[in-house]
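The structure appears right after this line, and notes come after that.
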Amino acid sequence: QVLMVESGGGGLVQTGGSLTLSCAASGRMFSISNWGWYRQAPGKQREMVATDISGGTTTYADSVKGRFTITRDNARDMVYLQMSSLKPEDTGVYYCFVRTNIGSQWGQGTQVTVSS
């Protein structure tokens with residue numbers, strides 16, 4: 001059973017702008033428990049941005065609270081990250097992560113660049 005994850009929606013945006021990232025999981029899975037968005041800035045370690053645990057508990061990095069929202073679409077096996085009031089320090093490669101009954105997988109990453 002192969003679990004595949006594809007993400008997209010990144011791009012170049014000015015400070016204060018908005019972007020919405022999307023991520024889709026596919027494969028012969030019965031359930032998705034956890035979704036997560038992580039990011040990695042140049043020269044820095046990958047860090048958690050937002051997570052959704054079993055559709056009931058969401059957590060956010062302090063730096064994005066009030067600006068980012070993670071939402072999941074269980075019918076489509078997808079997750080979104082709505083980002084607003086973007087800052088240059090939000091720049092990085094954003095990775096989607098999913099945990100299902102058949103395993104866990106990272107997406108390929110999507111670049112977000114916020115210009116000042």
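FYI, nothing fancy with the structure tokens labels: chains A, B, ... in order, residues from 1 per chain, ligands from 1 as they appear.
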I want to know what sits within 9 Å of Gly103 in chain A, based on only C-alpha atoms, with residues of the same chain fewer than 6 positions away left out; could you give that as a list of chain:residue names?
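These residues fall inside the cut-off: A:Val2, A:Leu3, A:Met29.
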Per-residue nearest contacts range 12-63 of chain A to range 84-96 of chain A, cut-off 9 Å, using only C-alpha atoms, as a Markdown table:
```
| residue | atom | partner | partner_atom | distance |
| --- | --- | --- | --- | --- |
| A:Val13 | CA | A:Leu86 | CA | 8.0 |
| A:Gln14 | CA | A:Leu86 | CA | 7.6 |
| A:Thr15 | CA | A:Lys87 | CA | 5.1 |
| A:Gly16 | CA | A:Ser85 | CA | 4.1 |
| A:Gly17 | CA | A:Leu86 | CA | 5.5 |
| A:Ser18 | CA | A:Ser84 | CA | 4.3 |
| A:Leu19 | CA | A:Ser84 | CA | 6.6 |
| A:Thr20 | CA | A:Ser84 | CA | 8.5 |
| A:Leu21 | CA | A:Tyr94 | CA | 8.6 |
| A:Ser22 | CA | A:Cys96 | CA | 8.5 |
| A:Cys23 | CA | A:Cys96 | CA | 6.4 |
| A:Ala24 | CA | A:Cys96 | CA | 8.9 |
| A:Trp35 | CA | A:Cys96 | CA | 7.4 |
| A:Gly36 | CA | A:Cys96 | CA | 5.8 |
| A:Trp37 | CA | A:Cys96 | CA | 4.7 |
| A:Tyr38 | CA | A:Tyr95 | CA | 5.1 |
| A:Arg39 | CA | A:Tyr94 | CA | 4.2 |
| A:Gln40 | CA | A:Gly92 | CA | 5.2 |
| A:Ala41 | CA | A:Gly92 | CA | 4.2 |
| A:Pro42 | CA | A:Gly92 | CA | 6.8 |
| A:Arg46 | CA | A:Tyr95 | CA | 8.9 |
| A:Val49 | CA | A:Tyr94 | CA | 8.8 |
| A:Ser63 | CA | A:Asp90 | CA | 8.9 |
```
Expected file: the selected residues, C-alpha atoms, as a short mmCIF file (atom, residue, chain, number, x, y, z; two decimals), in the first residue's frame:
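Below is the file that was written, part_20.cif:
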```cif
data_model
loop_
_atom_site.label_atom_id
_atom_site.label_comp_id
_atom_site.auth_asym_id
_atom_site.auth_seq_id
_atom_site.Cartn_x
_atom_site.Cartn_y
_atom_site.Cartn_z
CA VAL A 13 3.70 37.46 -1.98
CA GLN A 14 4.28 40.88 -0.48
CA THR A 15 4.35 41.57 3.23
CA GLY A 16 0.81 41.62 4.56
CA GLY A 17 -0.48 39.38 1.80
CA SER A 18 -2.20 36.02 1.95
CA LEU A 19 -1.68 32.53 0.56
CA THR A 20 -3.44 29.23 0.98
CA LEU A 21 -1.48 26.00 0.81
CA SER A 22 -3.14 22.70 0.06
CA CYS A 23 -2.10 19.10 0.55
CA ALA A 24 -3.72 15.88 -0.60
CA TRP A 35 -2.12 16.40 9.58
CA GLY A 36 0.67 18.87 10.00
CA TRP A 37 2.36 21.78 8.29
CA TYR A 38 6.03 22.42 8.89
CA ARG A 39 8.45 24.89 7.36
CA GLN A 40 12.15 25.23 6.87
CA ALA A 41 13.85 28.54 6.30
CA PRO A 42 17.30 28.72 4.70
CA ARG A 46 12.43 22.41 10.09
CA VAL A 49 3.76 25.55 11.97
CA SER A 63 4.81 33.00 15.60
#
```
Minimum-distance residue to Ala25 in chain A, chosen among A:Ala75, A:Ile70, A:Gly11, A:Met83 (using only C-alpha atoms):
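Checking each of A:Ala75, A:Ile70, A:Gly11, A:Met83 against Ala25 in chain A, counting only C-alpha atoms, the winner is A:Ala75.
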Within chain A, find each residue whose DSSP state, derived from the backbone, is strand (DSSP E), and express the selection as an NGL selection string.
:A and (4-8 or 11-14 or 19-26 or 32-40 or 47-53 or 57-60 or 68-73 or 78-83 or 92-100 or 103-106 or 110-115)
For Gly27 in chain A, which residue out of A:Met4, A:Val98, A:Val112, A:Met48 is the nearest one, using only C-alpha atoms?
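For Gly27 in chain A, the nearest of the given residues is A:Met4.
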In Å, with one decimal, what is the gap from CA of Glu47 in chain A to CA of Phe68 in chain A?
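CA of Phe68 in chain A lies at a distance of 14.6 Å from CA of Glu47 in chain A.
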Please report the interatomic distance between CA of Asp62 in chain A and CA of Asn74 in chain A in Å with one decimal.
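The value is 26.1 Å.
Candidate residues A:Ala61, A:Leu12, A:Ile32, A:Val5 were compared for distance to Gln111 in chain A, and the nearest is A:Leu12, using only C-alpha atoms.
The space separating CA of Ile102 in chain A from CA of Phe30 in chain A comes to 8.1 Å.
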Nearest to Leu81 in chain A, chosen from A:Ser26, A:Ser54, A:Arg99, A:Ser7, with only C-alpha atoms counted in the distances:
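Going through A:Ser26, A:Ser54, A:Arg99, A:Ser7 one by one, the smallest distance to Leu81 in chain A is for A:Ser7.
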